[in-house]
>>> print(open('data-v6.pdb').read())   # PDB, C-alpha atoms
ATOM      1  CA  MET A   1     -37.127  -4.975  -8.481
ATOM      2  CA  ALA A   2     -33.631  -6.476  -8.274
ATOM      3  CA  SER A   3     -30.920  -5.272 -10.649
ATOM      4  CA  LEU A   4     -27.940  -7.094 -12.086
ATOM      5  CA  LEU A   5     -24.798  -5.195 -13.008
ATOM      6  CA  LYS A   6     -22.081  -6.969 -14.988
ATOM      7  CA  VAL A   7     -18.758  -5.217 -15.583
ATOM      8  CA  ASP A   8     -15.158  -6.239 -16.166
ATOM      9  CA  SER A   9     -13.634  -3.114 -14.664
ATOM     10  CA  LEU A  10     -14.487  -0.293 -12.253
ATOM     11  CA  THR A  11     -12.657   3.027 -12.402
ATOM     12  CA  GLY A  12     -13.051   6.002 -10.102
ATOM     13  CA  VAL A  13     -13.993   9.338 -11.698
ATOM     14  CA  THR A  14     -11.735  11.618  -9.616
ATOM     15  CA  THR A  15      -8.926   9.110  -9.127
ATOM     16  CA  ALA A  16      -8.876   6.007 -11.332
ATOM     17  CA  GLY A  17      -7.829   3.644  -8.511
ATOM     18  CA  SER A  18     -10.183   5.032  -5.869
ATOM     19  CA  ILE A  19     -13.865   4.215  -5.525
ATOM     20  CA  SER A  20     -15.954   5.251  -2.524
ATOM     21  CA  VAL A  21     -18.809   3.063  -1.352
ATOM     22  CA  THR A  22     -21.607   4.434   0.824
ATOM     23  CA  GLY A  23     -21.839   2.452   4.035
ATOM     24  CA  GLU A  24     -24.716   1.309   6.187
ATOM     25  CA  GLY A  25     -27.054   4.133   7.187
ATOM     26  CA  ASN A  26     -25.924   6.236   4.213
ATOM     27  CA  SER A  27     -23.835   8.453   6.502
ATOM     28  CA  THR A  28     -20.279   7.245   5.854
ATOM     29  CA  THR A  29     -18.210   6.166   2.892
ATOM     30  CA  THR A  30     -15.510   3.542   2.597
ATOM     31  CA  ASN A  31     -12.750   3.456   0.017
ATOM     32  CA  LEU A  32     -13.274   0.148  -1.790
ATOM     33  CA  GLN A  33      -9.577  -0.447  -2.553
ATOM     34  CA  GLN A  34      -8.531   0.211   1.058
ATOM     35  CA  GLY A  35     -10.889  -2.478   2.313
ATOM     36  CA  LEU A  36      -9.715  -5.274   0.045
ATOM     37  CA  ALA A  37      -7.146  -7.854   1.119
ATOM     38  CA  LYS A  38      -4.024  -7.331  -0.999
ATOM     39  CA  VAL A  39      -2.505 -10.728  -0.059
ATOM     40  CA  TRP A  40      -3.969 -13.848   1.477
ATOM     41  CA  ALA A  41      -2.831 -17.436   1.830
ATOM     42  CA  ASN A  42      -4.074 -20.765   3.159
ATOM     43  CA  VAL A  43      -0.973 -22.887   3.874
ATOM     44  CA  ASP A  44      -0.700 -26.628   4.507
ATOM     45  CA  GLY A  45       2.286 -26.480   6.829
ATOM     46  CA  THR A  46       2.718 -30.204   7.494
ATOM     47  CA  GLY A  47       4.728 -32.709   5.457
ATOM     48  CA  THR A  48       5.554 -31.086   2.143
ATOM     49  CA  VAL A  49       4.567 -27.474   2.795
ATOM     50  CA  ALA A  50       2.196 -26.154   0.116
ATOM     51  CA  LEU A  51      -0.307 -23.427  -0.652
ATOM     52  CA  ARG A  52      -3.872 -24.711  -0.642
ATOM     53  CA  ASP A  53      -4.958 -21.436  -2.190
ATOM     54  CA  SER A  54      -3.689 -17.862  -2.238
ATOM     55  CA  PHE A  55      -3.906 -14.420  -3.773
ATOM     56  CA  ASN A  56      -0.874 -12.283  -4.692
ATOM     57  CA  VAL A  57       1.593 -14.900  -3.371
ATOM     58  CA  SER A  58       4.382 -15.928  -5.733
ATOM     59  CA  THR A  59       6.352 -18.189  -3.398
ATOM     60  CA  LEU A  60       5.876 -20.093  -0.158
ATOM     61  CA  THR A  61       9.052 -21.036   1.731
ATOM     62  CA  ASP A  62       9.329 -23.520   4.608
ATOM     63  CA  SER A  63      11.755 -21.710   6.917
ATOM     64  CA  GLY A  64      11.828 -24.278   9.709
ATOM     65  CA  LEU A  65       9.530 -25.681  12.365
ATOM     66  CA  GLY A  66       6.310 -23.631  12.313
ATOM     67  CA  ASN A  67       7.880 -20.871  10.216
ATOM     68  CA  TYR A  68       6.600 -20.058   6.724
ATOM     69  CA  LYS A  69       7.507 -17.153   4.440
ATOM     70  CA  LEU A  70       5.136 -15.677   1.859
ATOM     71  CA  THR A  71       6.672 -13.720  -1.025
ATOM     72  CA  PHE A  72       4.266 -11.337  -2.740
ATOM     73  CA  SER A  73       3.663 -11.312  -6.494
ATOM     74  CA  SER A  74       3.010  -7.544  -6.367
ATOM     75  CA  THR A  75       4.801  -5.527  -3.695
ATOM     76  CA  MET A  76       3.157  -3.412  -1.044
ATOM     77  CA  GLY A  77       3.593   0.380  -1.077
ATOM     78  CA  ASN A  78       5.394   0.300   2.292
ATOM     79  CA  ASP A  79       5.997  -2.065   5.201
ATOM     80  CA  ASP A  80       3.399  -0.427   7.472
ATOM     81  CA  TYR A  81       0.550  -2.658   6.282
ATOM     82  CA  SER A  82      -1.662  -4.716   8.551
ATOM     83  CA  SER A  83      -1.330  -8.491   8.672
ATOM     84  CA  VAL A  84      -3.595 -10.960  10.431
ATOM     85  CA  ALA A  85      -2.456 -14.556  10.811
ATOM     86  CA  SER A  86      -4.177 -17.537  12.346
ATOM     87  CA  GLY A  87      -3.957 -21.268  12.193
ATOM     88  CA  ASN A  88      -4.721 -24.675  13.532
ATOM     89  CA  ILE A  89      -2.367 -27.527  14.377
ATOM     90  CA  SER A  90      -4.880 -30.103  13.151
ATOM     91  CA  THR A  91      -8.603 -30.558  12.992
ATOM     92  CA  ALA A  92      -8.355 -33.024  15.898
ATOM     93  CA  ASN A  93      -6.555 -30.451  18.092
ATOM     94  CA  SER A  94      -8.476 -27.297  17.249
ATOM     95  CA  GLY A  95      -8.052 -25.810  20.735
ATOM     96  CA  ARG A  96      -4.265 -25.484  20.402
ATOM     97  CA  ASP A  97      -3.589 -22.806  17.881
ATOM     98  CA  VAL A  98      -1.777 -19.508  17.646
ATOM     99  CA  SER A  99      -0.012 -17.924  14.716
ATOM    100  CA  CYS A 100       1.584 -14.518  14.419
ATOM    101  CA  PRO A 101       3.402 -12.556  11.773
ATOM    102  CA  GLY A 102       7.077 -13.128  12.320
ATOM    103  CA  SER A 103      10.076 -10.843  12.283
ATOM    104  CA  THR A 104      10.285 -10.394   8.493
ATOM    105  CA  ILE A 105       7.784  -7.801   7.332
ATOM    106  CA  THR A 106       8.898  -6.056   4.137
ATOM    107  CA  THR A 107       7.186  -4.659   1.056
ATOM    108  CA  SER A 108       7.787  -7.976  -0.729
ATOM    109  CA  GLU A 109       7.398 -10.677   1.941
ATOM    110  CA  ILE A 110       6.132 -11.634   5.359
ATOM    111  CA  ASP A 111       6.798 -14.640   7.525
ATOM    112  CA  MET A 112       4.488 -16.471   9.894
ATOM    113  CA  LYS A 113       5.670 -18.132  13.069
ATOM    114  CA  CYS A 114       3.225 -20.750  14.325
ATOM    115  CA  PHE A 115       3.248 -21.997  17.890
ATOM    116  CA  ARG A 116       0.981 -23.892  20.225
ATOM    117  CA  SER A 117      -1.147 -21.930  22.674
ATOM    118  CA  ASP A 118      -0.864 -24.591  25.401
ATOM    119  CA  ASN A 119       2.947 -24.578  25.680
ATOM    120  CA  LEU A 120       4.154 -21.897  23.181
ATOM    121  CA  ALA A 121       6.290 -24.450  21.320
ATOM    122  CA  ALA A 122       6.844 -23.907  17.605
ATOM    123  CA  GLU A 123       4.954 -26.453  15.555
ATOM    124  CA  ASP A 124       4.062 -27.080  11.925
ATOM    125  CA  PHE A 125       0.405 -26.209  11.446
ATOM    126  CA  ASP A 126      -1.995 -28.148   9.257
ATOM    127  CA  PHE A 127      -3.725 -24.826   8.500
ATOM    128  CA  ALA A 128      -1.732 -21.559   8.617
ATOM    129  CA  MET A 129      -3.492 -18.534   7.158
ATOM    130  CA  ASN A 130      -2.521 -14.915   6.604
ATOM    131  CA  GLN A 131      -4.216 -11.797   5.238
ATOM    132  CA  VAL A 132      -2.511  -8.511   4.376
ATOM    133  CA  HIS A 133      -4.323  -5.178   4.105
ATOM    134  CA  GLY A 134      -2.682  -1.963   2.960
ATOM    135  CA  ASP A 135      -1.590  -0.191  -0.216
ATOM    136  CA  LEU A 136       0.044  -1.916  -3.155
ATOM    137  CA  ALA A 137       3.039  -0.187  -4.706
TER     138      ALA A 137
END
>>> encode(input="data-v6.pdb", output="structure tokens")
Amino acid sequence: MASLLKVDSLTGVTTAGSISVTGEGNSTTTNLQQGLAKVWANVDGTGTVALRDSFNVSTLTDSGLGNYKLTFSSTMGNDDYSSVASGNISTANSGRDVSCPGSTITTSEIDMKCFRSDNLAAEDFDFAMNQVHGDLA
């Protein structure tokens, strides 16, 4: 019989902000908070640069050709977090895409530098996306 659980808040018993989830095979546990993305953004980097959608992003800045800066609404606990960025120049040119975190990686912001995989030239991307995993402050 299927169950339905509806709650507005989950709190760990030992530590309020820490909940362990038993993984596949019932042999390992994962900390739920550690596995959640703390920041993510889907950026329209062409024309007037804009966020299509995002989480924990207060500001998007167009910093030049293929360079976008995300400022976090809530800061990270340190600057040793993990960031994964990807993108696409346009839907018609889906084979030419590369995007990497840039040189600015702080507790409050990260930049993305987008460039083409065929010639490594900086270019504004139609879709530039970033995810950040780590601890919030």
>>> closest_residue(input="data-v6.pdb", among="A:Ser18, A:Ser3, A:Gln131, A:Ser103", to="Phe55 in chain A", atoms="all atoms listed in the file")
A:Gln131
>>> resolve_selection(input="data-v6.pdb", expression="the PyMOL selection byres ((chain A and resi 29-37) around 8)", output="ChimeraX atom specification")
/A:17-23,26-28,38-40,131-135
>>> atom_distance(input="data-v6.pdb", atom1="CA of Thr107 in chain A", atom2="CA of Asp79 in chain A")
5.0 Å
>>> axis_aligned_box(input="data-v6.pdb", around="range 30-49 of chain A", padding_each_side="6 Å", output="lines of an AutoDock Vina configuration file")
center_x = -5.0
center_y = -14.6
center_z = 2.5
size_x = 33.1
size_y = 48.3
size_z = 22.0
>>> closest_residue(input="data-v6.pdb", among="A:Ser54, A:Ser73, A:Ser108, A:Ser9", to="Ala128 in chain A", atoms="all atoms listed in the file")
A:Ser54
>>> decode(input="data-v6.pdb", residues="range 38-74 of chain A", atoms="N, CA and C atoms", output="short mmCIF file (atom, residue, chain, number, x, y, z; two decimals), in the first residue's frame")
data_model
loop_
_atom_site.label_atom_id
_atom_site.label_comp_id
_atom_site.auth_asym_id
_atom_site.auth_seq_id
_atom_site.Cartn_x
_atom_site.Cartn_y
_atom_site.Cartn_z
N LYS A 38 22.72 24.15 -3.64
CA LYS A 38 22.51 25.35 -2.83
C LYS A 38 22.27 26.57 -3.71
N VAL A 39 22.72 26.50 -4.96
CA VAL A 39 22.51 27.58 -5.95
C VAL A 39 22.36 26.90 -7.31
N TRP A 40 21.45 27.39 -8.12
CA TRP A 40 21.41 26.99 -9.51
C TRP A 40 20.81 28.11 -10.35
N ALA A 41 21.21 28.16 -11.61
CA ALA A 41 20.70 29.21 -12.49
C ALA A 41 20.65 28.73 -13.93
N ASN A 42 19.62 29.17 -14.64
CA ASN A 42 19.48 28.97 -16.07
C ASN A 42 19.46 30.38 -16.68
N VAL A 43 20.54 30.73 -17.38
CA VAL A 43 20.76 32.09 -17.88
C VAL A 43 20.53 32.18 -19.38
N ASP A 44 19.78 33.18 -19.81
CA ASP A 44 19.70 33.55 -21.23
C ASP A 44 20.79 34.58 -21.42
N GLY A 45 21.89 34.17 -22.05
CA GLY A 45 23.06 35.04 -22.16
C GLY A 45 23.15 35.83 -23.44
N THR A 46 22.09 35.86 -24.24
CA THR A 46 22.12 36.61 -25.50
C THR A 46 21.19 37.81 -25.39
N GLY A 47 21.50 38.86 -26.16
CA GLY A 47 20.68 40.07 -26.11
C GLY A 47 20.74 40.68 -24.72
N THR A 48 19.57 40.96 -24.16
CA THR A 48 19.51 41.43 -22.78
C THR A 48 19.62 40.22 -21.87
N VAL A 49 20.75 40.09 -21.20
CA VAL A 49 21.02 38.93 -20.36
C VAL A 49 20.01 38.86 -19.22
N ALA A 50 19.45 37.66 -19.00
CA ALA A 50 18.41 37.51 -17.98
C ALA A 50 18.42 36.10 -17.41
N LEU A 51 17.90 35.97 -16.20
CA LEU A 51 17.69 34.66 -15.59
C LEU A 51 16.37 34.10 -16.10
N ARG A 52 16.41 32.90 -16.67
CA ARG A 52 15.16 32.22 -17.00
C ARG A 52 14.52 31.71 -15.72
N ASP A 53 15.36 31.13 -14.87
CA ASP A 53 14.92 30.64 -13.58
C ASP A 53 16.16 30.43 -12.74
N SER A 54 16.00 30.45 -11.41
CA SER A 54 17.16 30.29 -10.54
C SER A 54 16.72 29.97 -9.13
N PHE A 55 17.69 29.57 -8.32
CA PHE A 55 17.48 29.36 -6.90
C PHE A 55 18.68 29.94 -6.16
N ASN A 56 18.43 30.75 -5.16
CA ASN A 56 19.45 31.38 -4.33
C ASN A 56 20.36 32.31 -5.14
N VAL A 57 19.83 32.95 -6.16
CA VAL A 57 20.59 33.94 -6.95
C VAL A 57 19.88 35.27 -6.79
N SER A 58 20.60 36.27 -6.28
CA SER A 58 20.00 37.59 -6.10
C SER A 58 20.24 38.49 -7.31
N THR A 59 21.39 38.31 -7.97
CA THR A 59 21.74 39.19 -9.08
C THR A 59 22.49 38.43 -10.16
N LEU A 60 22.18 38.74 -11.40
CA LEU A 60 22.93 38.26 -12.56
C LEU A 60 23.57 39.47 -13.21
N THR A 61 24.87 39.40 -13.47
CA THR A 61 25.60 40.51 -14.09
C THR A 61 26.21 40.04 -15.40
N ASP A 62 26.03 40.82 -16.47
CA ASP A 62 26.68 40.58 -17.74
C ASP A 62 28.05 41.24 -17.65
N SER A 63 29.10 40.42 -17.58
CA SER A 63 30.46 40.95 -17.38
C SER A 63 31.28 40.98 -18.66
N GLY A 64 30.62 40.89 -19.81
CA GLY A 64 31.33 40.92 -21.08
C GLY A 64 30.99 39.70 -21.91
N LEU A 65 31.61 39.59 -23.05
CA LEU A 65 31.32 38.51 -24.00
C LEU A 65 31.49 37.14 -23.34
N GLY A 66 30.39 36.40 -23.20
CA GLY A 66 30.42 35.06 -22.65
C GLY A 66 30.75 34.97 -21.17
N ASN A 67 30.65 36.07 -20.46
CA ASN A 67 31.02 36.10 -19.04
C ASN A 67 29.84 36.61 -18.21
N TYR A 68 29.36 35.78 -17.30
CA TYR A 68 28.20 36.11 -16.48
C TYR A 68 28.55 35.87 -15.02
N LYS A 69 28.12 36.76 -14.14
CA LYS A 69 28.38 36.61 -12.71
C LYS A 69 27.07 36.41 -11.98
N LEU A 70 27.04 35.38 -11.11
CA LEU A 70 25.90 35.10 -10.26
C LEU A 70 26.24 35.52 -8.84
N THR A 71 25.41 36.35 -8.24
CA THR A 71 25.57 36.74 -6.84
C THR A 71 24.52 35.98 -6.04
N PHE A 72 24.96 35.34 -4.96
CA PHE A 72 24.09 34.49 -4.17
C PHE A 72 23.22 35.30 -3.22
N SER A 73 21.99 34.86 -3.01
CA SER A 73 21.11 35.47 -2.02
C SER A 73 21.59 35.12 -0.61
N SER A 74 21.94 33.86 -0.40
CA SER A 74 22.51 33.39 0.87
C SER A 74 23.92 32.90 0.59
#
